[in-house]
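Trainee: As input, take upload.pdb (PDB, C-alpha atoms):
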MODEL        1
ATOM      1  CA  MET Q  28      17.581  63.474 -51.539
ATOM      2  CA  LEU Q  29      14.219  64.625 -50.245
ATOM      3  CA  ASN Q  30      11.043  63.723 -52.110
ATOM      4  CA  MET Q  31       9.753  67.180 -53.008
ATOM      5  CA  LEU Q  32       6.754  65.735 -54.860
ATOM      6  CA  LEU Q  33       4.960  65.042 -51.585
ATOM      7  CA  GLU Q  34       2.817  67.482 -49.636
ATOM      8  CA  ASP Q  35       4.968  66.917 -46.543
ATOM      9  CA  GLN Q  36       8.703  66.416 -46.676
ATOM     10  CA  ALA Q  37      10.545  64.361 -44.067
ATOM     11  CA  GLY Q  38      11.070  67.330 -41.749
ATOM     12  CA  ASP Q  39       7.336  68.067 -41.716
ATOM     13  CA  VAL Q  40       6.606  64.497 -40.653
ATOM     14  CA  LEU Q  41       9.196  64.688 -37.884
ATOM     15  CA  LYS Q  42       7.725  67.935 -36.542
ATOM     16  CA  LYS Q  43       4.207  66.504 -36.558
ATOM     17  CA  PHE Q  44       5.278  63.387 -34.706
ATOM     18  CA  ARG Q  45       7.265  65.325 -32.109
ATOM     19  CA  TYR Q  46       4.307  67.696 -31.618
ATOM     20  CA  GLY Q  47       1.893  64.788 -31.270
ATOM     21  CA  ARG Q  48       4.147  62.844 -28.937
ATOM     22  CA  LYS Q  49       4.709  65.950 -26.767
ATOM     23  CA  LYS Q  50       8.486  65.557 -26.971
ATOM     24  CA  SER Q  51      11.117  68.281 -26.729
ATOM     25  CA  LEU Q  52      14.147  68.346 -28.996
ATOM     26  CA  LYS Q  53      16.240  67.380 -25.969
ATOM     27  CA  GLU Q  54      14.067  64.347 -25.262
ATOM     28  CA  VAL Q  55      14.150  63.173 -28.883
ATOM     29  CA  SER Q  56      17.893  63.738 -28.969
ATOM     30  CA  GLY Q  57      18.369  61.587 -25.891
ATOM     31  CA  ALA Q  58      16.193  58.795 -27.302
ATOM     32  CA  SER Q  59      17.653  58.848 -30.812
ATOM     33  CA  GLY Q  60      21.301  59.733 -30.139
ATOM     34  CA  LEU Q  61      21.123  62.600 -32.630
ATOM     35  CA  PRO Q  62      22.261  66.113 -31.557
ATOM     36  CA  PRO Q  63      19.506  68.716 -30.982
ATOM     37  CA  ASP Q  64      21.012  71.070 -33.579
ATOM     38  CA  LEU Q  65      20.873  68.308 -36.162
ATOM     39  CA  LEU Q  66      17.267  67.553 -35.269
ATOM     40  CA  ARG Q  67      16.388  71.220 -35.657
ATOM     41  CA  SER Q  68      17.985  71.289 -39.115
ATOM     42  CA  LEU Q  69      16.198  68.085 -40.149
ATOM     43  CA  GLU Q  70      12.810  69.425 -39.055
ATOM     44  CA  GLY Q  71      13.444  72.709 -40.833
ATOM     45  CA  GLY Q  72      14.356  70.966 -44.079
ATOM     46  CA  GLU Q  73      17.803  72.531 -44.097
ATOM     47  CA  ILE Q  74      19.374  69.137 -44.607
ATOM     48  CA  ALA Q  75      17.932  65.804 -45.708
ATOM     49  CA  PRO Q  76      17.996  62.899 -43.280
ATOM     50  CA  ASP Q  77      19.466  59.571 -44.271
ATOM     51  CA  LYS Q  78      17.815  56.217 -43.699
ATOM     52  CA  SER Q  79      19.729  55.480 -40.499
ATOM     53  CA  GLN Q  80      18.629  58.781 -38.974
ATOM     54  CA  LEU Q  81      14.978  58.126 -39.860
ATOM     55  CA  VAL Q  82      15.224  54.669 -38.331
ATOM     56  CA  ALA Q  83      16.642  56.157 -35.119
ATOM     57  CA  LEU Q  84      13.962  58.856 -35.026
ATOM     58  CA  GLY Q  85      11.270  56.275 -35.727
ATOM     59  CA  LEU Q  86      12.394  54.343 -32.670
ATOM     60  CA  ALA Q  87      12.299  57.544 -30.615
ATOM     61  CA  LEU Q  88       8.929  58.778 -31.889
ATOM     62  CA  GLY Q  89       7.102  55.546 -32.620
ATOM     63  CA  PHE Q  90       7.015  55.056 -36.397
ATOM     64  CA  ASP Q  91       8.663  52.831 -38.995
ATOM     65  CA  GLY Q  92      11.588  54.957 -40.164
ATOM     66  CA  ALA Q  93      12.764  52.498 -42.824
ATOM     67  CA  ALA Q  94       9.346  52.404 -44.475
ATOM     68  CA  MET Q  95       9.172  56.195 -44.398
ATOM     69  CA  ALA Q  96      12.637  56.489 -45.941
ATOM     70  CA  ALA Q  97      11.612  54.301 -48.885
ATOM     71  CA  LEU Q  98       9.166  57.023 -49.978
ATOM     72  CA  HIS Q  99      10.446  60.270 -48.500
ATOM     73  CA  LEU Q 100      14.016  59.844 -49.710
ATOM     74  CA  HIS Q 101      13.153  58.432 -53.145
ATOM     75  CA  PRO Q 102      11.070  60.657 -55.459
ATOM     76  CA  GLU Q 103      10.797  57.855 -58.039
ATOM     77  CA  THR Q 104       8.589  55.889 -55.630
ATOM     78  CA  THR Q 105       5.905  58.600 -55.550
ATOM     79  CA  PRO Q 106       2.642  57.010 -56.725
ATOM     80  CA  GLU Q 107       1.046  58.075 -59.998
ATOM     81  CA  VAL Q 108      -2.555  57.212 -59.268
ATOM     82  CA  LEU Q 109      -5.472  58.332 -61.411
ATOM     83  CA  PRO Q 110      -8.749  59.411 -59.815
ATOM     84  CA  PRO Q 111     -11.697  57.025 -60.162
ATOM     85  CA  PRO Q 112     -14.212  57.469 -63.005
ATOM     86  CA  HIS Q 113     -16.620  60.380 -62.533
ATOM     87  CA  PHE Q 114     -14.159  62.152 -60.209
ATOM     88  CA  LEU Q 115     -12.991  65.537 -61.436
ATOM     89  CA  PRO Q 116     -10.309  66.942 -59.107
ATOM     90  CA  VAL Q 117      -9.550  70.651 -59.433
ATOM     91  CA  ARG Q 118      -6.265  71.967 -58.099
ATOM     92  CA  GLU Q 119      -6.975  75.341 -56.531
ATOM     93  CA  ASN Q 120      -4.604  77.874 -55.017
ATOM     94  CA  PHE Q 121      -5.200  79.112 -51.500
ATOM     95  CA  GLY Q 122      -2.740  81.661 -50.201
ATOM     96  CA  GLY Q 123       0.006  80.254 -52.404
ATOM     97  CA  TYR Q 124      -0.632  76.629 -51.418
ATOM     98  CA  ALA Q 125      -2.138  74.027 -53.728
ATOM     99  CA  VAL Q 126      -5.322  72.401 -52.471
ATOM    100  CA  TRP Q 127      -7.576  69.817 -54.083
ATOM    101  CA  CYS Q 128     -11.306  70.221 -54.415
ATOM    102  CA  THR Q 129     -13.193  67.469 -56.216
ATOM    103  CA  LEU Q 130     -16.290  67.491 -58.378
ATOM    104  CA  LEU Q 131     -18.179  64.196 -58.303
ATOM    105  CA  LEU Q 132     -20.113  63.756 -61.545
ATOM    106  CA  HIS Q 133     -23.256  61.663 -61.501
ATOM    107  CA  PRO Q 134     -22.643  58.504 -63.586
ATOM    108  CA  GLU Q 135     -26.018  58.813 -65.304
ATOM    109  CA  ASP Q 136     -25.941  62.568 -65.903
ATOM    110  CA  PRO Q 137     -22.475  64.196 -65.850
ATOM    111  CA  ARG Q 138     -24.030  67.658 -65.591
ATOM    112  CA  ARG Q 139     -25.176  66.805 -62.083
ATOM    113  CA  ALA Q 140     -22.375  67.177 -59.566
ATOM    114  CA  LEU Q 141     -21.408  67.211 -55.936
ATOM    115  CA  LEU Q 142     -18.499  69.302 -54.725
ATOM    116  CA  VAL Q 143     -16.207  67.898 -52.052
ATOM    117  CA  ASP Q 144     -14.290  70.786 -50.471
ATOM    118  CA  THR Q 145     -14.041  74.162 -52.142
ATOM    119  CA  GLY Q 146     -10.344  75.018 -52.296
ATOM    120  CA  GLY Q 147     -11.308  78.395 -50.881
ATOM    121  CA  GLY Q 148     -13.785  79.013 -53.712
ATOM    122  CA  GLY Q 149     -11.202  80.145 -56.262
ATOM    123  CA  GLU Q 150     -11.716  81.112 -59.881
ATOM    124  CA  LEU Q 151     -10.402  77.866 -61.352
ATOM    125  CA  LEU Q 152     -13.085  75.891 -59.563
ATOM    126  CA  LEU Q 153     -15.823  78.345 -60.489
ATOM    127  CA  ASP Q 154     -14.649  78.436 -64.104
ATOM    128  CA  THR Q 155     -14.689  74.625 -64.274
ATOM    129  CA  ILE Q 156     -18.266  74.555 -62.987
ATOM    130  CA  ARG Q 157     -19.316  77.185 -65.553
ATOM    131  CA  ARG Q 158     -17.539  75.627 -68.537
ATOM    132  CA  ARG Q 159     -19.027  72.220 -67.886
ATOM    133  CA  ASN Q 160     -22.439  73.697 -67.114
ATOM    134  CA  LEU Q 161     -22.587  71.710 -63.895
ATOM    135  CA  ARG Q 162     -25.487  71.781 -61.506
ATOM    136  CA  ILE Q 163     -24.082  71.519 -57.989
ATOM    137  CA  GLU Q 164     -26.501  69.481 -55.870
ATOM    138  CA  GLY Q 165     -24.510  69.377 -52.656
ATOM    139  CA  ILE Q 166     -21.298  70.657 -51.079
ATOM    140  CA  LEU Q 167     -19.553  68.135 -48.865
ATOM    141  CA  LEU Q 168     -16.880  69.565 -46.582
ATOM    142  CA  THR Q 169     -14.309  67.269 -45.006
ATOM    143  CA  HIS Q 170     -13.585  69.822 -42.281
ATOM    144  CA  GLY Q 171     -13.916  73.475 -41.428
ATOM    145  CA  HIS Q 172     -10.591  75.028 -42.421
ATOM    146  CA  GLY Q 173     -10.812  77.922 -44.864
ATOM    147  CA  ASP Q 174      -8.792  76.261 -47.622
ATOM    148  CA  HIS Q 175     -11.327  73.428 -47.655
ATOM    149  CA  GLY Q 176     -14.623  75.134 -46.882
ATOM    150  CA  GLY Q 177     -14.065  78.826 -47.504
ATOM    151  CA  GLY Q 178     -16.106  80.517 -50.228
ATOM    152  CA  PHE Q 179     -18.584  77.646 -50.464
ATOM    153  CA  ALA Q 180     -21.565  79.936 -51.011
ATOM    154  CA  GLY Q 181     -20.010  81.265 -54.239
ATOM    155  CA  ALA Q 182     -20.046  77.794 -55.784
ATOM    156  CA  VAL Q 183     -23.840  77.479 -55.730
ATOM    157  CA  PRO Q 184     -26.220  79.678 -57.735
ATOM    158  CA  GLY Q 185     -29.269  78.923 -55.592
ATOM    159  CA  LYS Q 186     -30.007  78.788 -51.890
ATOM    160  CA  ASP Q 187     -31.410  75.244 -51.671
ATOM    161  CA  VAL Q 188     -28.123  73.373 -52.025
ATOM    162  CA  PRO Q 189     -27.257  71.412 -48.855
ATOM    163  CA  VAL Q 190     -23.856  72.050 -47.319
ATOM    164  CA  LEU Q 191     -22.484  69.187 -45.240
ATOM    165  CA  LEU Q 192     -20.187  69.992 -42.316
ATOM    166  CA  SER Q 193     -19.832  68.513 -38.863
ATOM    167  CA  ARG Q 194     -21.304  70.704 -36.178
ATOM    168  CA  LEU Q 195     -18.041  70.325 -34.285
ATOM    169  CA  ASP Q 196     -16.298  72.284 -37.042
ATOM    170  CA  LEU Q 197     -18.873  75.046 -37.460
ATOM    171  CA  PRO Q 198     -16.860  77.433 -35.238
ATOM    172  CA  LEU Q 199     -13.892  77.057 -37.612
ATOM    173  CA  LEU Q 200     -15.851  78.383 -40.598
ATOM    174  CA  PRO Q 201     -17.744  81.527 -39.567
ATOM    175  CA  GLU Q 202     -19.392  82.022 -42.976
ATOM    176  CA  THR Q 203     -21.670  79.043 -42.298
ATOM    177  CA  GLY Q 204     -23.637  81.328 -40.022
ATOM    178  CA  LEU Q 205     -24.568  83.496 -43.022
ATOM    179  CA  TYR Q 206     -25.612  80.705 -45.384
ATOM    180  CA  PRO Q 207     -29.387  80.784 -45.970
ATOM    181  CA  GLY Q 208     -29.582  77.247 -47.347
ATOM    182  CA  PRO Q 209     -29.683  73.901 -45.548
ATOM    183  CA  LEU Q 210     -26.628  73.238 -43.400
ATOM    184  CA  LEU Q 211     -26.554  69.555 -42.479
ATOM    185  CA  SER Q 212     -24.295  67.174 -40.632
ATOM    186  CA  PRO Q 213     -22.420  64.843 -43.008
ATOM    187  CA  PHE Q 214     -24.563  61.876 -41.973
ATOM    188  CA  GLU Q 215     -27.840  63.782 -42.357
ATOM    189  CA  GLY Q 216     -26.673  65.191 -45.660
ATOM    190  CA  CYS Q 217     -25.627  61.859 -47.141
ATOM    191  CA  ARG Q 218     -29.051  60.425 -46.261
ATOM    192  CA  GLU Q 219     -30.710  63.345 -48.055
ATOM    193  CA  LEU Q 220     -28.434  62.945 -51.082
ATOM    194  CA  LEU Q 221     -29.289  59.239 -51.256
ATOM    195  CA  LYS Q 222     -32.901  60.254 -51.853
ATOM    196  CA  ARG Q 223     -31.664  62.249 -54.860
ATOM    197  CA  GLY Q 224     -29.746  59.327 -56.334
ATOM    198  CA  TRP Q 225     -26.298  59.886 -54.795
ATOM    199  CA  LYS Q 226     -24.521  57.067 -52.968
ATOM    200  CA  VAL Q 227     -21.941  58.609 -50.666
ATOM    201  CA  GLU Q 228     -20.807  57.140 -47.368
ATOM    202  CA  VAL Q 229     -19.260  59.163 -44.575
ATOM    203  CA  THR Q 230     -16.779  58.094 -41.885
ATOM    204  CA  GLU Q 231     -15.907  60.181 -38.848
ATOM    205  CA  ALA Q 232     -12.182  60.991 -38.797
ATOM    206  CA  PRO Q 233     -11.455  63.416 -35.939
ATOM    207  CA  GLY Q 234      -7.965  64.492 -35.032
ATOM    208  CA  HIS Q 235      -6.911  67.101 -37.589
ATOM    209  CA  THR Q 236     -10.039  68.963 -36.511
ATOM    210  CA  PRO Q 237     -12.724  67.791 -34.068
ATOM    211  CA  GLY Q 238     -15.256  67.275 -36.869
ATOM    212  CA  SER Q 239     -13.107  65.936 -39.700
ATOM    213  CA  VAL Q 240     -14.789  63.293 -41.865
ATOM    214  CA  ALA Q 241     -14.020  61.277 -44.988
ATOM    215  CA  TYR Q 242     -16.414  60.629 -47.871
ATOM    216  CA  SER Q 243     -16.345  57.464 -49.975
ATOM    217  CA  THR Q 244     -18.006  56.717 -53.278
ATOM    218  CA  GLY Q 245     -17.185  54.958 -56.521
ATOM    219  CA  GLY Q 246     -13.857  53.530 -55.408
ATOM    220  CA  GLY Q 247     -12.533  56.815 -54.048
ATOM    221  CA  LEU Q 248     -12.000  58.046 -50.501
ATOM    222  CA  LEU Q 249     -11.879  61.805 -49.993
ATOM    223  CA  VAL Q 250     -10.080  62.381 -46.726
ATOM    224  CA  GLY Q 251      -9.352  66.122 -46.522
ATOM    225  CA  ASP Q 252      -6.281  66.591 -44.336
ATOM    226  CA  THR Q 253      -6.722  63.473 -42.218
ATOM    227  CA  LEU Q 254      -4.258  61.577 -44.402
ATOM    228  CA  PHE Q 255      -1.705  62.537 -47.078
ATOM    229  CA  CYS Q 256       0.470  60.458 -49.338
ATOM    230  CA  GLY Q 257       3.262  59.562 -46.930
ATOM    231  CA  SER Q 258       2.018  61.797 -44.126
ATOM    232  CA  ALA Q 259      -1.043  63.340 -42.447
ATOM    233  CA  GLY Q 260      -2.345  66.738 -41.435
ATOM    234  CA  ARG Q 261      -1.246  68.154 -38.108
ATOM    235  CA  SER Q 262      -3.430  67.080 -35.204
ATOM    236  CA  TYR Q 263      -5.668  69.765 -33.719
ATOM    237  CA  THR Q 264      -3.816  69.552 -30.402
ATOM    238  CA  PRO Q 265      -1.198  67.085 -29.116
ATOM    239  CA  ASP Q 266      -3.966  65.367 -27.153
ATOM    240  CA  ASP Q 267      -5.760  64.771 -30.456
ATOM    241  CA  PHE Q 268      -2.760  62.980 -31.975
ATOM    242  CA  PRO Q 269      -3.773  59.466 -30.801
ATOM    243  CA  ILE Q 270      -7.340  60.238 -31.877
ATOM    244  CA  GLN Q 271      -6.078  61.088 -35.354
ATOM    245  CA  LEU Q 272      -4.013  57.893 -35.484
ATOM    246  CA  ASP Q 273      -7.156  55.936 -34.597
ATOM    247  CA  SER Q 274      -9.064  57.729 -37.362
ATOM    248  CA  ILE Q 275      -6.374  56.913 -39.914
ATOM    249  CA  HIS Q 276      -6.332  53.267 -38.841
ATOM    250  CA  ARG Q 277     -10.122  53.087 -39.139
ATOM    251  CA  LEU Q 278     -10.019  54.525 -42.665
ATOM    252  CA  VAL Q 279      -7.286  52.287 -44.038
ATOM    253  CA  SER Q 280      -8.791  49.162 -42.460
ATOM    254  CA  GLY Q 281     -12.333  49.933 -43.577
ATOM    255  CA  TYR Q 282     -11.898  50.037 -47.365
ATOM    256  CA  PRO Q 283     -10.372  47.762 -50.027
ATOM    257  CA  PRO Q 284      -6.629  48.145 -50.680
ATOM    258  CA  GLU Q 285      -7.205  49.440 -54.216
ATOM    259  CA  THR Q 286      -9.322  52.357 -52.944
ATOM    260  CA  VAL Q 287      -7.972  55.657 -54.297
ATOM    261  CA  ILE Q 288      -7.230  58.219 -51.591
ATOM    262  CA  ILE Q 289      -7.792  61.824 -52.620
ATOM    263  CA  SER Q 290      -6.336  64.081 -49.976
ATOM    264  CA  GLY Q 291      -6.679  67.801 -49.589
ATOM    265  CA  HIS Q 292      -3.076  68.265 -50.678
ATOM    266  CA  GLY Q 293      -0.428  66.282 -52.504
ATOM    267  CA  PRO Q 294      -0.422  63.244 -54.785
ATOM    268  CA  PHE Q 295      -3.286  60.780 -55.020
ATOM    269  CA  THR Q 296      -2.475  57.383 -53.577
ATOM    270  CA  THR Q 297      -4.119  54.112 -52.550
ATOM    271  CA  ILE Q 298      -4.759  52.424 -49.255
ATOM    272  CA  ALA Q 299      -2.400  49.610 -50.244
ATOM    273  CA  ARG Q 300       0.478  52.013 -50.912
ATOM    274  CA  GLU Q 301      -0.035  53.966 -47.700
ATOM    275  CA  LYS Q 302       0.050  50.766 -45.668
ATOM    276  CA  ILE Q 303       3.557  50.219 -47.035
ATOM    277  CA  HIS Q 304       5.094  53.678 -46.596
ATOM    278  CA  ASN Q 305       3.014  55.998 -44.427
ATOM    279  CA  PRO Q 306       4.557  56.526 -40.960
ATOM    280  CA  PHE Q 307       1.170  57.519 -39.538
ATOM    281  CA  ILE Q 308      -0.055  54.021 -40.401
ATOM    282  CA  ARG Q 309       3.135  52.107 -39.642
ATOM    283  CA  VAL Q 310       3.090  53.332 -36.075
ATOM    284  CA  ARG Q 311       3.454  51.903 -32.601
ATOM    285  CA  GLU Q 312       2.361  53.277 -29.272
ATOM    286  CA  SER Q 313       5.298  52.240 -27.062
ATOM    287  CA  LEU Q 314       8.390  54.435 -27.433
ATOM    288  CA  SER Q 315      12.005  53.642 -26.687
TER     289      SER Q 315
ENDMDL
END
Kindly transcribe the structure held in the file into structure tokens.

Mentor:
Amino acid sequence: MLNMLLEDQAGDVLKKFRYGRKKSLKEVSGASGLPPDLLRSLEGGEIAPDKSQLVALGLALGFDGAAMAALHLHPETTPEVLPPPHFLPVRENFGGYAVWCTLLLHPEDPRRALLVDTGGGGELLLDTIRRRNLRIEGILLTHGHGDHGGGFAGAVPGKDVPVLLSRLDLPLLPETGLYPGPLLSPFEGCRELLKRGWKVEVTEAPGHTPGSVAYSTGGGLLVGDTLFCGSAGRSYTPDDFPIQLDSIHRLVSGYPPETVIISGHGPFTTIAREKIHNPFIRVRESLS
């Protein structure tokens, strides 16, 4: 039984690892002992793998297949983690796919807010901002893909709101060139927000995109598509796969185990839980 509650099912993880490892179906078949046609069906989600197959594929592709199976083949193990206080996640719809954008409410004045990712700037987000009469004081983008940064200008009524995005990701989001307000790097922007009473830290997390970052505050870590519950976003290119693995390792080793991970897609989780089940964390470099 596949765990359909996750953003990525087992086949998605297998495809991402094979892409990142630069392996053909024939090569993975030879290393795992599984027929190419079966591998194709597993990656396509046509059939569910069993634990023994995930163990064999983990040996071939460099991840802990047994740990992955304990989550990906058992829906009842999906974490039910609440966001930290003052976090208001909004589940937007972008082209038929669910995406999280998160409003961070100031602990001393809940009408003051930061917005981490925009979900494409959909109506649910805008309606939430209007109903709560929120004053958006900064937009923090984890990376430059349209489902995370698109429509950001529509979320701010004025033109003095800083938008934080790595310069490496500016080419991925053309509308930044039309924004008349301050467009800052995440590090510059977090320093400016500190002057306004916001304590947000930023960590570089390249791999999914060249300029991906994660933001941490108040016991939460907002990671965009760098890391999912039980998986991770696809690396920008196969050559970026080891860079992304390094970014993931840096994130999970840099924060307490109880830190709540809010990804761009899928269930919320914690660093402790991902260390147990996530194949992108339980990884090795040498392959069989």

Trainee: Using the chain letters and residue numbers of this document, give as a VMD selection string the residues selected by the PyMOL selection byres ((chain Q and resi 194) around 9).

Mentor: chain Q and resid 192 to 193 195 to 198 211 to 212 238

Trainee: Quick one: residues within 8 Å of stretch 169-184 of chain Q, only C-alpha atoms, excluding same-chain residues fewer than 2 positions away - as a ChimeraX atom specification?

Mentor: /Q:121,126,128,143-149,153,163,166-167,186,188,192-193,196-200,202,206,236,238-242,249-251,291

Trainee: Which value, in Å to one decimal, gives the distance between atom CA of Q:Gly71 and atom CA of Q:Lys43?

Mentor: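 Atom-to-atom, atom CA of Q:Gly71 to atom CA of Q:Lys43, that is 11.9 Å.
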
Trainee: Expand the PyMOL selection byres ((chain Q and resi 233) around 9) into the explicit residue set it covers here, and present it as a ChimeraX atom specification.

Mentor: /Q:231-232,234-240,253,262-263,267,270-271,273-274

Trainee: Which residue gives the smallest distance to Q:Ile74 among Q:Glu150, Q:Ala140, Q:Gln36, Q:Ile288, with all atoms listed in the file counted?

Mentor: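 Ranked by minimum distance to Q:Ile74, first place goes to Q:Gln36.
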
Trainee: Report as a ChimeraX atom specification the full result of the PyMOL selection byres ((chain Q and resi 159) around 12) when it is applied to this structure.

Mentor: /Q:115,130,132,137-140,152-158,160-163

Trainee: In terms of the shortest atom-to-atom distance over all atoms listed in the file, which of Q:Gly47, Q:Gly257, Q:Pro265, Q:Gly165 is closest to Q:Leu141?

Mentor: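 Closest to Q:Leu141 of all the choices is Q:Gly165.
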
Trainee: For Q:Lys226, which of Q:Leu61, Q:Val117, Q:Leu131, Q:Ile308 is the closest residue, counting all atoms listed in the file?

Mentor: Q:Leu131

Trainee: May I ask which of the residues Q:Thr297, Q:Thr286, Q:Ser280, Q:Ser59 is the closest one to Q:Thr244, counting only C-alpha atoms?

Mentor: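 Answer, going by the shortest atom-to-atom distance: Q:Thr286.
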
Trainee: Which residue out of Q:Leu100, Q:Leu84, Q:Leu69, Q:Met31 has the minimum interatomic distance to Q:Lys50 when all atoms listed in the file are used?

Mentor: Q:Leu84

Trainee: Which one is closest to Q:Ala96: Q:Val227, Q:Leu41, Q:Val82, Q:Leu278? Count only C-alpha atoms.

Mentor: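 Under the stated criterion, the closest residue is Q:Val82.
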
Trainee: Rebuild stretch 254-271 of chain Q so that it carries N, CA and C atoms, then output the result as a PDB file, in the frame of the given file.

Mentor:
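Printed below is rebuild37.pdb as written:
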ATOM      1  N   LEU Q 254      -5.312  62.447 -43.917  1.00  0.00           N
ATOM      2  CA  LEU Q 254      -4.258  61.577 -44.402  1.00  0.00           C
ATOM      3  C   LEU Q 254      -3.708  62.125 -45.709  1.00  0.00           C
ATOM      4  N   PHE Q 255      -2.385  62.166 -45.833  1.00  0.00           N
ATOM      5  CA  PHE Q 255      -1.705  62.537 -47.078  1.00  0.00           C
ATOM      6  C   PHE Q 255      -0.922  61.339 -47.596  1.00  0.00           C
ATOM      7  N   CYS Q 256      -0.493  61.426 -48.827  1.00  0.00           N
ATOM      8  CA  CYS Q 256       0.470  60.458 -49.338  1.00  0.00           C
ATOM      9  C   CYS Q 256       1.750  60.581 -48.516  1.00  0.00           C
ATOM     10  N   GLY Q 257       2.052  59.555 -47.730  1.00  0.00           N
ATOM     11  CA  GLY Q 257       3.262  59.562 -46.930  1.00  0.00           C
ATOM     12  C   GLY Q 257       3.223  60.392 -45.671  1.00  0.00           C
ATOM     13  N   SER Q 258       2.076  60.939 -45.310  1.00  0.00           N
ATOM     14  CA  SER Q 258       2.018  61.797 -44.126  1.00  0.00           C
ATOM     15  C   SER Q 258       0.564  61.970 -43.696  1.00  0.00           C
ATOM     16  N   ALA Q 259       0.303  63.007 -42.924  1.00  0.00           N
ATOM     17  CA  ALA Q 259      -1.043  63.340 -42.447  1.00  0.00           C
ATOM     18  C   ALA Q 259      -1.045  64.796 -42.037  1.00  0.00           C
ATOM     19  N   GLY Q 260      -2.233  65.376 -41.933  1.00  0.00           N
ATOM     20  CA  GLY Q 260      -2.345  66.738 -41.435  1.00  0.00           C
ATOM     21  C   GLY Q 260      -1.977  66.808 -39.962  1.00  0.00           C
ATOM     22  N   ARG Q 261      -1.605  67.989 -39.517  1.00  0.00           N
ATOM     23  CA  ARG Q 261      -1.246  68.154 -38.108  1.00  0.00           C
ATOM     24  C   ARG Q 261      -2.483  67.962 -37.236  1.00  0.00           C
ATOM     25  N   SER Q 262      -2.316  67.275 -36.122  1.00  0.00           N
ATOM     26  CA  SER Q 262      -3.430  67.080 -35.204  1.00  0.00           C
ATOM     27  C   SER Q 262      -3.834  68.414 -34.586  1.00  0.00           C
ATOM     28  N   TYR Q 263      -5.104  68.517 -34.223  1.00  0.00           N
ATOM     29  CA  TYR Q 263      -5.668  69.765 -33.719  1.00  0.00           C
ATOM     30  C   TYR Q 263      -4.932  70.232 -32.465  1.00  0.00           C
ATOM     31  N   THR Q 264      -4.661  69.317 -31.569  1.00  0.00           N
ATOM     32  CA  THR Q 264      -3.816  69.552 -30.402  1.00  0.00           C
ATOM     33  C   THR Q 264      -2.991  68.282 -30.195  1.00  0.00           C
ATOM     34  N   PRO Q 265      -1.923  68.330 -29.392  1.00  0.00           N
ATOM     35  CA  PRO Q 265      -1.198  67.085 -29.116  1.00  0.00           C
ATOM     36  C   PRO Q 265      -2.080  65.989 -28.533  1.00  0.00           C
ATOM     37  N   ASP Q 266      -3.073  66.376 -27.727  1.00  0.00           N
ATOM     38  CA  ASP Q 266      -3.966  65.367 -27.153  1.00  0.00           C
ATOM     39  C   ASP Q 266      -4.829  64.701 -28.213  1.00  0.00           C
ATOM     40  N   ASP Q 267      -4.980  65.352 -29.366  1.00  0.00           N
ATOM     41  CA  ASP Q 267      -5.760  64.771 -30.456  1.00  0.00           C
ATOM     42  C   ASP Q 267      -4.925  63.854 -31.343  1.00  0.00           C
ATOM     43  N   PHE Q 268      -3.624  63.800 -31.125  1.00  0.00           N
ATOM     44  CA  PHE Q 268      -2.760  62.980 -31.975  1.00  0.00           C
ATOM     45  C   PHE Q 268      -3.157  61.506 -31.953  1.00  0.00           C
ATOM     46  N   PRO Q 269      -3.335  60.874 -30.787  1.00  0.00           N
ATOM     47  CA  PRO Q 269      -3.773  59.466 -30.801  1.00  0.00           C
ATOM     48  C   PRO Q 269      -5.165  59.295 -31.395  1.00  0.00           C
ATOM     49  N   ILE Q 270      -6.014  60.303 -31.260  1.00  0.00           N
ATOM     50  CA  ILE Q 270      -7.340  60.238 -31.877  1.00  0.00           C
ATOM     51  C   ILE Q 270      -7.201  60.225 -33.389  1.00  0.00           C
ATOM     52  N   GLN Q 271      -6.300  61.062 -33.918  1.00  0.00           N
ATOM     53  CA  GLN Q 271      -6.078  61.088 -35.354  1.00  0.00           C
ATOM     54  C   GLN Q 271      -5.494  59.764 -35.846  1.00  0.00           C
TER      55      GLN Q 271
END
